[in-house]
$ cat input_11.txt   # compact mmCIF, N, CA and C atoms
# COMPACT_ATOMS: atom_id res chain seq x y z
N MET P 1 19.48 -17.89 16.47
CA MET P 1 18.26 -17.17 16.18
C MET P 1 17.33 -18.10 15.41
N LYS P 2 16.13 -18.25 15.93
CA LYS P 2 15.13 -19.13 15.31
C LYS P 2 14.08 -18.29 14.60
N LEU P 3 13.68 -18.74 13.42
CA LEU P 3 12.66 -18.06 12.64
C LEU P 3 11.36 -18.86 12.69
N LEU P 4 10.26 -18.14 12.81
CA LEU P 4 8.93 -18.74 12.71
C LEU P 4 8.33 -18.23 11.41
N LEU P 5 8.22 -19.12 10.42
CA LEU P 5 7.71 -18.75 9.12
C LEU P 5 6.19 -18.71 9.14
N ASP P 6 5.64 -17.57 8.77
CA ASP P 6 4.20 -17.39 8.72
C ASP P 6 3.60 -18.26 7.62
N GLU P 7 2.30 -18.45 7.68
CA GLU P 7 1.63 -19.32 6.73
C GLU P 7 1.76 -18.85 5.29
N ASN P 8 2.06 -17.57 5.07
CA ASN P 8 2.19 -17.07 3.70
C ASN P 8 3.59 -17.29 3.13
N THR P 9 4.44 -17.99 3.86
CA THR P 9 5.77 -18.37 3.36
C THR P 9 5.79 -19.88 3.15
N SER P 10 6.62 -20.31 2.25
CA SER P 10 6.69 -21.73 1.95
C SER P 10 7.45 -22.49 3.03
N HIS P 11 6.93 -23.64 3.40
CA HIS P 11 7.61 -24.50 4.37
C HIS P 11 8.91 -25.05 3.79
N ARG P 12 9.04 -25.05 2.46
CA ARG P 12 10.24 -25.57 1.81
C ARG P 12 11.49 -24.75 2.15
N ILE P 13 11.28 -23.53 2.59
CA ILE P 13 12.40 -22.67 2.98
C ILE P 13 13.20 -23.31 4.11
N LEU P 14 12.50 -24.02 5.00
CA LEU P 14 13.15 -24.59 6.19
C LEU P 14 14.35 -25.45 5.84
N LYS P 15 14.21 -26.29 4.86
CA LYS P 15 15.30 -27.20 4.48
C LYS P 15 16.54 -26.42 4.04
N LEU P 16 16.32 -25.28 3.40
CA LEU P 16 17.43 -24.49 2.88
C LEU P 16 18.10 -23.61 3.94
N ILE P 17 17.36 -23.27 5.00
CA ILE P 17 17.92 -22.36 6.01
C ILE P 17 18.31 -23.05 7.31
N GLU P 18 18.04 -24.33 7.45
CA GLU P 18 18.23 -25.01 8.73
C GLU P 18 19.65 -24.90 9.28
N GLU P 19 20.63 -24.90 8.42
CA GLU P 19 22.02 -24.78 8.87
C GLU P 19 22.32 -23.38 9.43
N HIS P 20 21.66 -22.38 8.88
CA HIS P 20 21.91 -20.99 9.26
C HIS P 20 20.99 -20.51 10.39
N PHE P 21 19.81 -21.07 10.46
CA PHE P 21 18.81 -20.69 11.46
C PHE P 21 18.26 -21.96 12.14
N PRO P 22 19.10 -22.66 12.90
CA PRO P 22 18.65 -23.91 13.52
C PRO P 22 17.48 -23.68 14.47
N GLY P 23 16.56 -24.65 14.45
CA GLY P 23 15.39 -24.56 15.32
C GLY P 23 14.24 -23.79 14.71
N SER P 24 14.41 -23.31 13.49
CA SER P 24 13.33 -22.58 12.82
C SER P 24 12.20 -23.54 12.47
N VAL P 25 11.00 -22.98 12.35
CA VAL P 25 9.83 -23.81 12.09
C VAL P 25 8.80 -23.00 11.30
N HIS P 26 7.97 -23.70 10.57
CA HIS P 26 6.83 -23.10 9.87
C HIS P 26 5.62 -23.20 10.80
N VAL P 27 4.74 -22.20 10.79
CA VAL P 27 3.59 -22.23 11.70
C VAL P 27 2.75 -23.49 11.54
N ASN P 28 2.71 -24.05 10.34
CA ASN P 28 1.92 -25.26 10.12
C ASN P 28 2.52 -26.49 10.79
N PHE P 29 3.78 -26.40 11.20
CA PHE P 29 4.46 -27.54 11.81
C PHE P 29 4.91 -27.24 13.24
N ALA P 30 4.32 -26.23 13.85
CA ALA P 30 4.74 -25.82 15.20
C ALA P 30 4.24 -26.75 16.29
N GLY P 31 3.32 -27.64 15.95
CA GLY P 31 2.84 -28.60 16.94
C GLY P 31 1.65 -28.12 17.75
N VAL P 32 1.22 -26.91 17.48
CA VAL P 32 0.02 -26.36 18.14
C VAL P 32 -0.79 -25.63 17.07
N PRO P 33 -2.10 -25.55 17.26
CA PRO P 33 -2.89 -24.85 16.26
C PRO P 33 -2.69 -23.33 16.36
N LEU P 34 -2.07 -22.78 15.35
CA LEU P 34 -1.81 -21.33 15.32
C LEU P 34 -2.71 -20.73 14.24
N ARG P 35 -3.97 -20.61 14.57
CA ARG P 35 -4.98 -20.20 13.60
C ARG P 35 -5.19 -18.69 13.51
N SER P 36 -4.60 -17.93 14.40
CA SER P 36 -4.78 -16.48 14.35
C SER P 36 -3.44 -15.79 14.54
N ASP P 37 -3.37 -14.56 14.08
CA ASP P 37 -2.14 -13.80 14.24
C ASP P 37 -1.79 -13.62 15.71
N ALA P 38 -2.79 -13.47 16.55
CA ALA P 38 -2.54 -13.30 17.99
C ALA P 38 -1.88 -14.56 18.58
N LEU P 39 -2.33 -15.73 18.15
CA LEU P 39 -1.72 -16.98 18.64
C LEU P 39 -0.30 -17.15 18.11
N VAL P 40 -0.08 -16.79 16.85
CA VAL P 40 1.26 -16.87 16.27
C VAL P 40 2.19 -15.93 17.03
N TRP P 41 1.72 -14.71 17.29
CA TRP P 41 2.52 -13.72 18.01
C TRP P 41 2.91 -14.25 19.39
N GLN P 42 1.94 -14.77 20.12
CA GLN P 42 2.21 -15.26 21.47
C GLN P 42 3.15 -16.46 21.45
N TYR P 43 2.96 -17.35 20.50
CA TYR P 43 3.84 -18.52 20.36
C TYR P 43 5.28 -18.07 20.10
N ALA P 44 5.44 -17.13 19.18
CA ALA P 44 6.79 -16.62 18.86
C ALA P 44 7.41 -15.96 20.08
N LYS P 45 6.64 -15.21 20.80
CA LYS P 45 7.14 -14.53 22.00
C LYS P 45 7.55 -15.54 23.06
N ASN P 46 6.72 -16.53 23.31
CA ASN P 46 6.98 -17.52 24.35
C ASN P 46 8.15 -18.44 24.03
N HIS P 47 8.44 -18.64 22.75
CA HIS P 47 9.46 -19.61 22.34
C HIS P 47 10.69 -18.97 21.69
N GLY P 48 10.80 -17.66 21.72
CA GLY P 48 12.01 -17.00 21.24
C GLY P 48 12.20 -16.99 19.74
N PHE P 49 11.12 -16.89 18.99
CA PHE P 49 11.19 -16.86 17.53
C PHE P 49 11.14 -15.43 16.99
N VAL P 50 11.69 -15.26 15.82
CA VAL P 50 11.51 -14.06 15.01
C VAL P 50 10.49 -14.43 13.94
N ILE P 51 9.42 -13.66 13.80
CA ILE P 51 8.38 -13.96 12.82
C ILE P 51 8.82 -13.46 11.45
N VAL P 52 8.71 -14.35 10.44
CA VAL P 52 9.03 -14.00 9.06
C VAL P 52 7.72 -14.05 8.27
N THR P 53 7.39 -12.94 7.60
CA THR P 53 6.10 -12.85 6.93
C THR P 53 6.17 -11.94 5.72
N PHE P 54 5.19 -12.11 4.83
CA PHE P 54 4.98 -11.19 3.72
C PHE P 54 3.78 -10.29 4.02
N ASP P 55 3.16 -10.46 5.17
CA ASP P 55 1.90 -9.85 5.55
C ASP P 55 2.13 -8.71 6.54
N THR P 56 1.45 -7.60 6.34
CA THR P 56 1.62 -6.45 7.23
C THR P 56 0.84 -6.56 8.54
N ASP P 57 0.05 -7.60 8.71
CA ASP P 57 -0.71 -7.75 9.96
C ASP P 57 0.21 -7.76 11.17
N PHE P 58 1.34 -8.41 11.07
CA PHE P 58 2.26 -8.48 12.20
C PHE P 58 2.97 -7.14 12.45
N VAL P 59 3.08 -6.33 11.41
CA VAL P 59 3.64 -4.99 11.58
C VAL P 59 2.72 -4.18 12.49
N GLN P 60 1.44 -4.30 12.27
CA GLN P 60 0.47 -3.58 13.10
C GLN P 60 0.54 -4.04 14.55
N ILE P 61 0.63 -5.34 14.76
CA ILE P 61 0.73 -5.86 16.13
C ILE P 61 2.03 -5.38 16.78
N ALA P 62 3.12 -5.43 16.04
CA ALA P 62 4.42 -5.00 16.57
C ALA P 62 4.42 -3.52 16.93
N THR P 63 3.71 -2.72 16.14
CA THR P 63 3.62 -1.30 16.41
C THR P 63 2.90 -1.06 17.74
N LEU P 64 1.90 -1.86 18.01
CA LEU P 64 1.14 -1.72 19.26
C LEU P 64 1.86 -2.32 20.47
N ARG P 65 2.48 -3.46 20.27
CA ARG P 65 3.04 -4.21 21.41
C ARG P 65 4.55 -4.12 21.56
N GLY P 66 5.25 -3.81 20.49
CA GLY P 66 6.71 -3.80 20.54
C GLY P 66 7.27 -5.21 20.56
N ALA P 67 8.58 -5.29 20.72
CA ALA P 67 9.24 -6.59 20.72
C ALA P 67 9.51 -7.03 22.15
N PRO P 68 9.69 -8.30 22.40
CA PRO P 68 9.64 -9.40 21.45
C PRO P 68 8.21 -9.84 21.16
N PRO P 69 8.02 -10.60 20.11
CA PRO P 69 9.00 -11.04 19.12
C PRO P 69 9.26 -9.94 18.10
N HIS P 70 10.35 -10.11 17.39
CA HIS P 70 10.67 -9.24 16.27
C HIS P 70 10.00 -9.79 15.02
N VAL P 71 9.78 -8.90 14.05
CA VAL P 71 9.10 -9.27 12.82
C VAL P 71 9.98 -8.90 11.63
N LEU P 72 10.17 -9.85 10.73
CA LEU P 72 10.84 -9.58 9.45
C LEU P 72 9.75 -9.53 8.38
N LEU P 73 9.53 -8.36 7.83
CA LEU P 73 8.54 -8.19 6.77
C LEU P 73 9.27 -8.26 5.44
N LEU P 74 9.01 -9.30 4.69
CA LEU P 74 9.67 -9.51 3.40
C LEU P 74 8.93 -8.76 2.30
N GLN P 75 9.65 -7.96 1.59
CA GLN P 75 9.10 -7.20 0.46
C GLN P 75 9.84 -7.65 -0.79
N LEU P 76 9.52 -8.85 -1.25
CA LEU P 76 10.18 -9.44 -2.41
C LEU P 76 9.17 -9.59 -3.53
N ARG P 77 9.61 -9.37 -4.75
CA ARG P 77 8.69 -9.48 -5.89
C ARG P 77 8.70 -10.89 -6.45
N ASN P 78 7.59 -11.57 -6.34
CA ASN P 78 7.41 -12.91 -6.89
C ASN P 78 8.57 -13.86 -6.60
N PRO P 79 8.94 -13.98 -5.34
CA PRO P 79 10.10 -14.83 -5.04
C PRO P 79 9.73 -16.31 -5.04
N THR P 80 10.69 -17.13 -5.41
CA THR P 80 10.55 -18.55 -5.21
C THR P 80 10.94 -18.82 -3.75
N TYR P 81 10.68 -19.99 -3.27
CA TYR P 81 11.09 -20.30 -1.89
C TYR P 81 12.61 -20.27 -1.78
N ALA P 82 13.31 -20.65 -2.84
CA ALA P 82 14.77 -20.61 -2.84
C ALA P 82 15.27 -19.17 -2.78
N ASP P 83 14.59 -18.25 -3.49
CA ASP P 83 14.96 -16.83 -3.42
C ASP P 83 14.80 -16.30 -2.01
N THR P 84 13.71 -16.65 -1.38
CA THR P 84 13.44 -16.20 -0.02
C THR P 84 14.49 -16.73 0.94
N ALA P 85 14.82 -17.99 0.82
CA ALA P 85 15.84 -18.58 1.68
C ALA P 85 17.19 -17.89 1.47
N ARG P 86 17.54 -17.64 0.22
CA ARG P 86 18.81 -16.98 -0.10
C ARG P 86 18.88 -15.59 0.53
N VAL P 87 17.81 -14.84 0.44
CA VAL P 87 17.77 -13.49 1.02
C VAL P 87 17.94 -13.57 2.54
N LEU P 88 17.28 -14.49 3.18
CA LEU P 88 17.41 -14.63 4.64
C LEU P 88 18.84 -14.99 5.03
N ILE P 89 19.44 -15.92 4.30
CA ILE P 89 20.80 -16.34 4.60
C ILE P 89 21.79 -15.20 4.35
N GLU P 90 21.64 -14.52 3.23
CA GLU P 90 22.54 -13.41 2.90
C GLU P 90 22.47 -12.28 3.92
N ARG P 91 21.32 -12.09 4.52
CA ARG P 91 21.12 -10.99 5.46
C ARG P 91 21.13 -11.43 6.93
N LYS P 92 21.64 -12.62 7.17
CA LYS P 92 21.63 -13.16 8.54
C LYS P 92 22.29 -12.21 9.54
N ALA P 93 23.46 -11.70 9.24
CA ALA P 93 24.16 -10.81 10.17
C ALA P 93 23.35 -9.54 10.42
N LEU P 94 22.75 -9.00 9.38
CA LEU P 94 21.91 -7.81 9.51
C LEU P 94 20.69 -8.09 10.38
N ILE P 95 20.08 -9.24 10.16
CA ILE P 95 18.92 -9.66 10.95
C ILE P 95 19.31 -9.86 12.41
N GLN P 96 20.45 -10.49 12.65
CA GLN P 96 20.92 -10.72 14.01
C GLN P 96 21.17 -9.38 14.72
N GLY P 97 21.75 -8.43 14.03
CA GLY P 97 21.97 -7.10 14.60
C GLY P 97 20.67 -6.43 14.96
N PHE P 98 19.68 -6.57 14.11
CA PHE P 98 18.35 -6.01 14.36
C PHE P 98 17.73 -6.63 15.61
N VAL P 99 17.80 -7.94 15.74
CA VAL P 99 17.23 -8.64 16.89
C VAL P 99 17.98 -8.28 18.17
N ASP P 100 19.28 -8.12 18.08
CA ASP P 100 20.10 -7.83 19.25
C ASP P 100 20.04 -6.37 19.71
N ASP P 101 19.52 -5.48 18.88
CA ASP P 101 19.49 -4.06 19.21
C ASP P 101 18.52 -3.80 20.37
N ARG P 102 19.05 -3.41 21.48
CA ARG P 102 18.23 -3.16 22.67
C ARG P 102 18.09 -1.67 22.97
N SER P 103 18.45 -0.83 21.99
CA SER P 103 18.36 0.61 22.23
C SER P 103 16.91 1.05 22.39
N LYS P 104 16.75 2.17 23.02
CA LYS P 104 15.43 2.69 23.34
C LYS P 104 14.57 2.89 22.08
N ASP P 105 15.21 3.27 20.99
CA ASP P 105 14.49 3.56 19.76
C ASP P 105 14.42 2.40 18.78
N ALA P 106 14.84 1.23 19.22
CA ALA P 106 14.86 0.06 18.34
C ALA P 106 13.46 -0.32 17.90
N SER P 107 13.32 -0.65 16.65
CA SER P 107 12.04 -1.07 16.09
C SER P 107 11.84 -2.57 16.30
N ALA P 108 10.59 -2.97 16.30
CA ALA P 108 10.26 -4.39 16.39
C ALA P 108 10.11 -5.01 15.00
N VAL P 109 10.17 -4.16 13.97
CA VAL P 109 9.94 -4.62 12.60
C VAL P 109 11.12 -4.26 11.71
N MET P 110 11.56 -5.22 10.94
CA MET P 110 12.59 -4.98 9.93
C MET P 110 12.01 -5.36 8.58
N GLU P 111 12.07 -4.43 7.65
CA GLU P 111 11.61 -4.70 6.29
C GLU P 111 12.82 -5.10 5.45
N ILE P 112 12.64 -6.15 4.68
CA ILE P 112 13.69 -6.61 3.78
C ILE P 112 13.15 -6.47 2.35
N HIS P 113 13.79 -5.60 1.60
CA HIS P 113 13.39 -5.33 0.21
C HIS P 113 14.39 -5.94 -0.76
N VAL P 114 13.88 -6.47 -1.84
CA VAL P 114 14.73 -6.93 -2.94
C VAL P 114 13.98 -6.69 -4.23
$ encode --input "input_11.txt" --output "structure tokens"
Amino acid sequence: MKLLLDENTSHRILKLIEEHFPGSVHVNFAGVPLRSDALVWQYAKNHGFVIVTFDTDFVQIATLRGAPPHVLLLQLRNPTYADTARVLIERKALIQGFVDDRSKDASAVMEIHV
């Protein structure tokens, strides 16, 4: 499972999660200009990424379009990049189950609270 970190997340997270989420990338390093949420959404969909964000904009898009891609909405209070990485790693199995859920009522958005 590959994560696409939105611009509101630190790129430093990548170094800490690479072993657990190989192939993950930050939007600033995706190799293409991802200047709008629509472009980020399409890139994630085309390349099999799960979008990780602190921003509800992708929740709105997911509500309209559904998955893929899936969206992880982080609801963390003043996290450091290390805190964010730790939460993602600790919840990897839960996130994988969310992404793998193909049931009719499956959501495209998972909120992670800490």
$ closest_residue --input "input_11.txt" --among "P:Met1, P:Thr80, P:Asp6, P:Met110" --to "Val59 of chain P" --atoms "all atoms listed in the file"
P:Met110
$ atom_distance --input "input_11.txt" --atom1 "atom CA of Phe98 of chain P" --atom2 "atom CA of Pro68 of chain P"
11.7 Å
$ residues_around --input "input_11.txt" --residues "Glu7 of chain P" --least-positions-apart "3" --cutoff "12 Å" --atoms "only C-alpha atoms" --output "list in words"
Leu4, Ser10, His11, Arg12, Ile13, Val25, His26, Val27, Asn28, Phe29, Ala30, Pro33, Leu34, Arg35, Ser36, Asp37, Val40, Ile51, Val52, Thr53, Phe54 and Asp55 of chain P
$ residues_around --input "input_11.txt" --residues "Ser107 of chain P" --least-positions-apart "2" --cutoff "12 Å" --atoms "only C-alpha atoms" --output "list in words"
Val59, Ala62, Thr63, Leu64, Arg65, Gly66, Ala67, Pro68, Pro69, His70, Val71, Leu72, Gly97, Phe98, Val99, Asp100, Asp101, Arg102, Ser103, Lys104, Asp105, Val109, Met110 and Glu111 of chain P
$ closest_residue --input "input_11.txt" --among "P:Ala44, P:Leu74, P:Leu39, P:Leu3" --to "Val114 of chain P" --atoms "all atoms listed in the file"
P:Leu74
$ atom_distance --input "input_11.txt" --atom1 "atom N of Ile95 of chain P" --atom2 "atom C of Ala38 of chain P"
24.1 Å
$ atom_distance --input "input_11.txt" --atom1 "atom CA of Gly31 of chain P" --atom2 "atom CA of Val87 of chain P"
26.5 Å
$ closest_residue --input "input_11.txt" --among "P:Ile17, P:Leu88, P:Leu73, P:Ile61" --to "Ile112 of chain P" --atoms "all atoms listed in the file"
P:Leu73
$ select_by_dssp --input "input_11.txt" --residues "chain P" --states "alpha helix (DSSP H)" --output "ChimeraX atom specification"
/P:13-17,37-47,57-65,81-90,92-100
$ residues_near_point --input "input_11.txt" --point "(16.0, -19.6, 4.2)" --cutoff "8 Å" --atoms "all atoms listed in the file" --output "VMD selection string"
chain P and resid 12 to 18 20 to 21 81 to 90
$ closest_residue --input "input_11.txt" --among "P:Gln75, P:Ser24, P:Gln96, P:Asn8" --to "His113 of chain P" --atoms "all atoms listed in the file"
P:Gln75
$ axis_aligned_box --input "input_11.txt" --around "segment 56-67 of chain P" --padding-each-side "3 Å" --output "AutoDock Vina command-line options"
--center_x 4.4 --center_y -4.8 --center_z 14.2 --size_x 16.2 --size_y 13.4 --size_z 21.8
$ closest_residue --input "input_11.txt" --among "P:Thr9, P:Phe58, P:Pro22, P:Tyr43" --to "Ala108 of chain P" --atoms "all atoms listed in the file"
P:Phe58
$ decode --input "input_11.txt" --residues "segment 21-109 of chain P" --atoms "C-alpha atoms" --output "PDB file, in the first residue's frame"
ATOM      1  CA  PHE P  21       4.643   1.820   3.177  1.00  0.00           C
ATOM      2  CA  PRO P  22       7.136   1.283   0.326  1.00  0.00           C
ATOM      3  CA  GLY P  23       6.649   3.459  -2.725  1.00  0.00           C
ATOM      4  CA  SER P  24       5.004   6.263  -0.770  1.00  0.00           C
ATOM      5  CA  VAL P  25       5.664   9.809  -1.924  1.00  0.00           C
ATOM      6  CA  HIS P  26       4.956  13.417  -0.980  1.00  0.00           C
ATOM      7  CA  VAL P  27       3.036  15.459  -3.571  1.00  0.00           C
ATOM      8  CA  ASN P  28       5.971  17.860  -3.833  1.00  0.00           C
ATOM      9  CA  PHE P  29       8.201  15.001  -4.993  1.00  0.00           C
ATOM     10  CA  ALA P  30       5.767  13.138  -7.252  1.00  0.00           C
ATOM     11  CA  GLY P  31       7.584  14.268 -10.384  1.00  0.00           C
ATOM     12  CA  VAL P  32       4.606  16.120 -11.841  1.00  0.00           C
ATOM     13  CA  PRO P  33       3.073  19.448 -10.903  1.00  0.00           C
ATOM     14  CA  LEU P  34       0.196  18.650  -8.558  1.00  0.00           C
ATOM     15  CA  ARG P  35      -1.065  22.164  -7.981  1.00  0.00           C
ATOM     16  CA  SER P  36      -4.739  21.397  -7.385  1.00  0.00           C
ATOM     17  CA  ASP P  37      -6.731  18.897  -5.395  1.00  0.00           C
ATOM     18  CA  ALA P  38      -8.228  17.570  -8.631  1.00  0.00           C
ATOM     19  CA  LEU P  39      -4.751  16.809 -10.014  1.00  0.00           C
ATOM     20  CA  VAL P  40      -3.661  15.172  -6.756  1.00  0.00           C
ATOM     21  CA  TRP P  41      -6.842  13.063  -6.767  1.00  0.00           C
ATOM     22  CA  GLN P  42      -6.321  11.921 -10.357  1.00  0.00           C
ATOM     23  CA  TYR P  43      -2.634  11.174  -9.772  1.00  0.00           C
ATOM     24  CA  ALA P  44      -3.463   9.066  -6.710  1.00  0.00           C
ATOM     25  CA  LYS P  45      -6.177   7.228  -8.613  1.00  0.00           C
ATOM     26  CA  ASN P  46      -3.968   6.544 -11.651  1.00  0.00           C
ATOM     27  CA  HIS P  47      -0.995   5.348  -9.584  1.00  0.00           C
ATOM     28  CA  GLY P  48      -2.685   3.370  -6.797  1.00  0.00           C
ATOM     29  CA  PHE P  49      -2.029   5.719  -3.883  1.00  0.00           C
ATOM     30  CA  VAL P  50      -3.982   6.349  -0.702  1.00  0.00           C
ATOM     31  CA  ILE P  51      -4.138  10.106  -0.029  1.00  0.00           C
ATOM     32  CA  VAL P  52      -3.016  11.181   3.453  1.00  0.00           C
ATOM     33  CA  THR P  53      -4.147  14.651   4.484  1.00  0.00           C
ATOM     34  CA  PHE P  54      -5.119  16.953   7.327  1.00  0.00           C
ATOM     35  CA  ASP P  55      -7.463  18.812   4.944  1.00  0.00           C
ATOM     36  CA  THR P  56     -11.165  18.095   4.456  1.00  0.00           C
ATOM     37  CA  ASP P  57     -11.081  19.076   0.766  1.00  0.00           C
ATOM     38  CA  PHE P  58     -10.381  15.482  -0.219  1.00  0.00           C
ATOM     39  CA  VAL P  59     -13.256  14.277   1.965  1.00  0.00           C
ATOM     40  CA  GLN P  60     -15.600  16.347  -0.160  1.00  0.00           C
ATOM     41  CA  ILE P  61     -14.160  14.946  -3.385  1.00  0.00           C
ATOM     42  CA  ALA P  62     -14.356  11.388  -2.033  1.00  0.00           C
ATOM     43  CA  THR P  63     -17.982  11.919  -1.050  1.00  0.00           C
ATOM     44  CA  LEU P  64     -18.795  12.912  -4.624  1.00  0.00           C
ATOM     45  CA  ARG P  65     -16.602  10.448  -6.504  1.00  0.00           C
ATOM     46  CA  GLY P  66     -16.053   7.506  -4.163  1.00  0.00           C
ATOM     47  CA  ALA P  67     -12.950   5.356  -4.187  1.00  0.00           C
ATOM     48  CA  PRO P  68     -10.395   4.875  -5.536  1.00  0.00           C
ATOM     49  CA  PRO P  69      -8.386   6.584  -4.302  1.00  0.00           C
ATOM     50  CA  HIS P  70      -9.034   6.211  -0.616  1.00  0.00           C
ATOM     51  CA  VAL P  71      -8.431   9.134   1.729  1.00  0.00           C
ATOM     52  CA  LEU P  72      -6.942   9.080   5.223  1.00  0.00           C
ATOM     53  CA  LEU P  73      -8.039  12.213   7.059  1.00  0.00           C
ATOM     54  CA  LEU P  74      -5.704  12.778   9.998  1.00  0.00           C
ATOM     55  CA  GLN P  75      -7.264  14.419  13.026  1.00  0.00           C
ATOM     56  CA  LEU P  76      -4.195  14.859  15.226  1.00  0.00           C
ATOM     57  CA  ARG P  77      -3.572  17.728  17.628  1.00  0.00           C
ATOM     58  CA  ASN P  78      -0.318  19.556  16.897  1.00  0.00           C
ATOM     59  CA  PRO P  79       1.559  16.469  15.774  1.00  0.00           C
ATOM     60  CA  THR P  80       5.216  16.392  14.924  1.00  0.00           C
ATOM     61  CA  TYR P  81       6.138  14.573  11.735  1.00  0.00           C
ATOM     62  CA  ALA P  82       7.395  11.714  13.917  1.00  0.00           C
ATOM     63  CA  ASP P  83       4.002  11.539  15.684  1.00  0.00           C
ATOM     64  CA  THR P  84       2.239  11.362  12.348  1.00  0.00           C
ATOM     65  CA  ALA P  85       4.538   8.626  11.089  1.00  0.00           C
ATOM     66  CA  ARG P  86       4.061   6.638  14.304  1.00  0.00           C
ATOM     67  CA  VAL P  87       0.263   6.842  14.018  1.00  0.00           C
ATOM     68  CA  LEU P  88       0.354   5.655  10.401  1.00  0.00           C
ATOM     69  CA  ILE P  89       2.654   2.752  11.246  1.00  0.00           C
ATOM     70  CA  GLU P  90       0.659   1.732  14.326  1.00  0.00           C
ATOM     71  CA  ARG P  91      -2.570   1.717  12.318  1.00  0.00           C
ATOM     72  CA  LYS P  92      -1.196   0.061   9.186  1.00  0.00           C
ATOM     73  CA  ALA P  93      -3.336  -3.089   9.527  1.00  0.00           C
ATOM     74  CA  LEU P  94      -6.453  -0.993  10.141  1.00  0.00           C
ATOM     75  CA  ILE P  95      -5.659   1.189   7.123  1.00  0.00           C
ATOM     76  CA  GLN P  96      -5.032  -1.877   4.946  1.00  0.00           C
ATOM     77  CA  GLY P  97      -8.402  -3.326   5.994  1.00  0.00           C
ATOM     78  CA  PHE P  98     -10.085  -0.052   5.103  1.00  0.00           C
ATOM     79  CA  VAL P  99      -8.463   0.020   1.657  1.00  0.00           C
ATOM     80  CA  ASP P 100      -9.260  -3.644   1.012  1.00  0.00           C
ATOM     81  CA  ASP P 101     -12.945  -3.338   1.991  1.00  0.00           C
ATOM     82  CA  ARG P 102     -14.921  -3.791  -1.209  1.00  0.00           C
ATOM     83  CA  SER P 103     -18.349  -3.975   0.410  1.00  0.00           C
ATOM     84  CA  LYS P 104     -21.181  -1.973  -1.065  1.00  0.00           C
ATOM     85  CA  ASP P 105     -21.285   0.378   1.919  1.00  0.00           C
ATOM     86  CA  ALA P 106     -17.539   0.904   2.196  1.00  0.00           C
ATOM     87  CA  SER P 107     -16.452   4.498   2.657  1.00  0.00           C
ATOM     88  CA  ALA P 108     -13.738   6.191   0.639  1.00  0.00           C
ATOM     89  CA  VAL P 109     -12.615   8.162   3.708  1.00  0.00           C
TER      90      VAL P 109
END
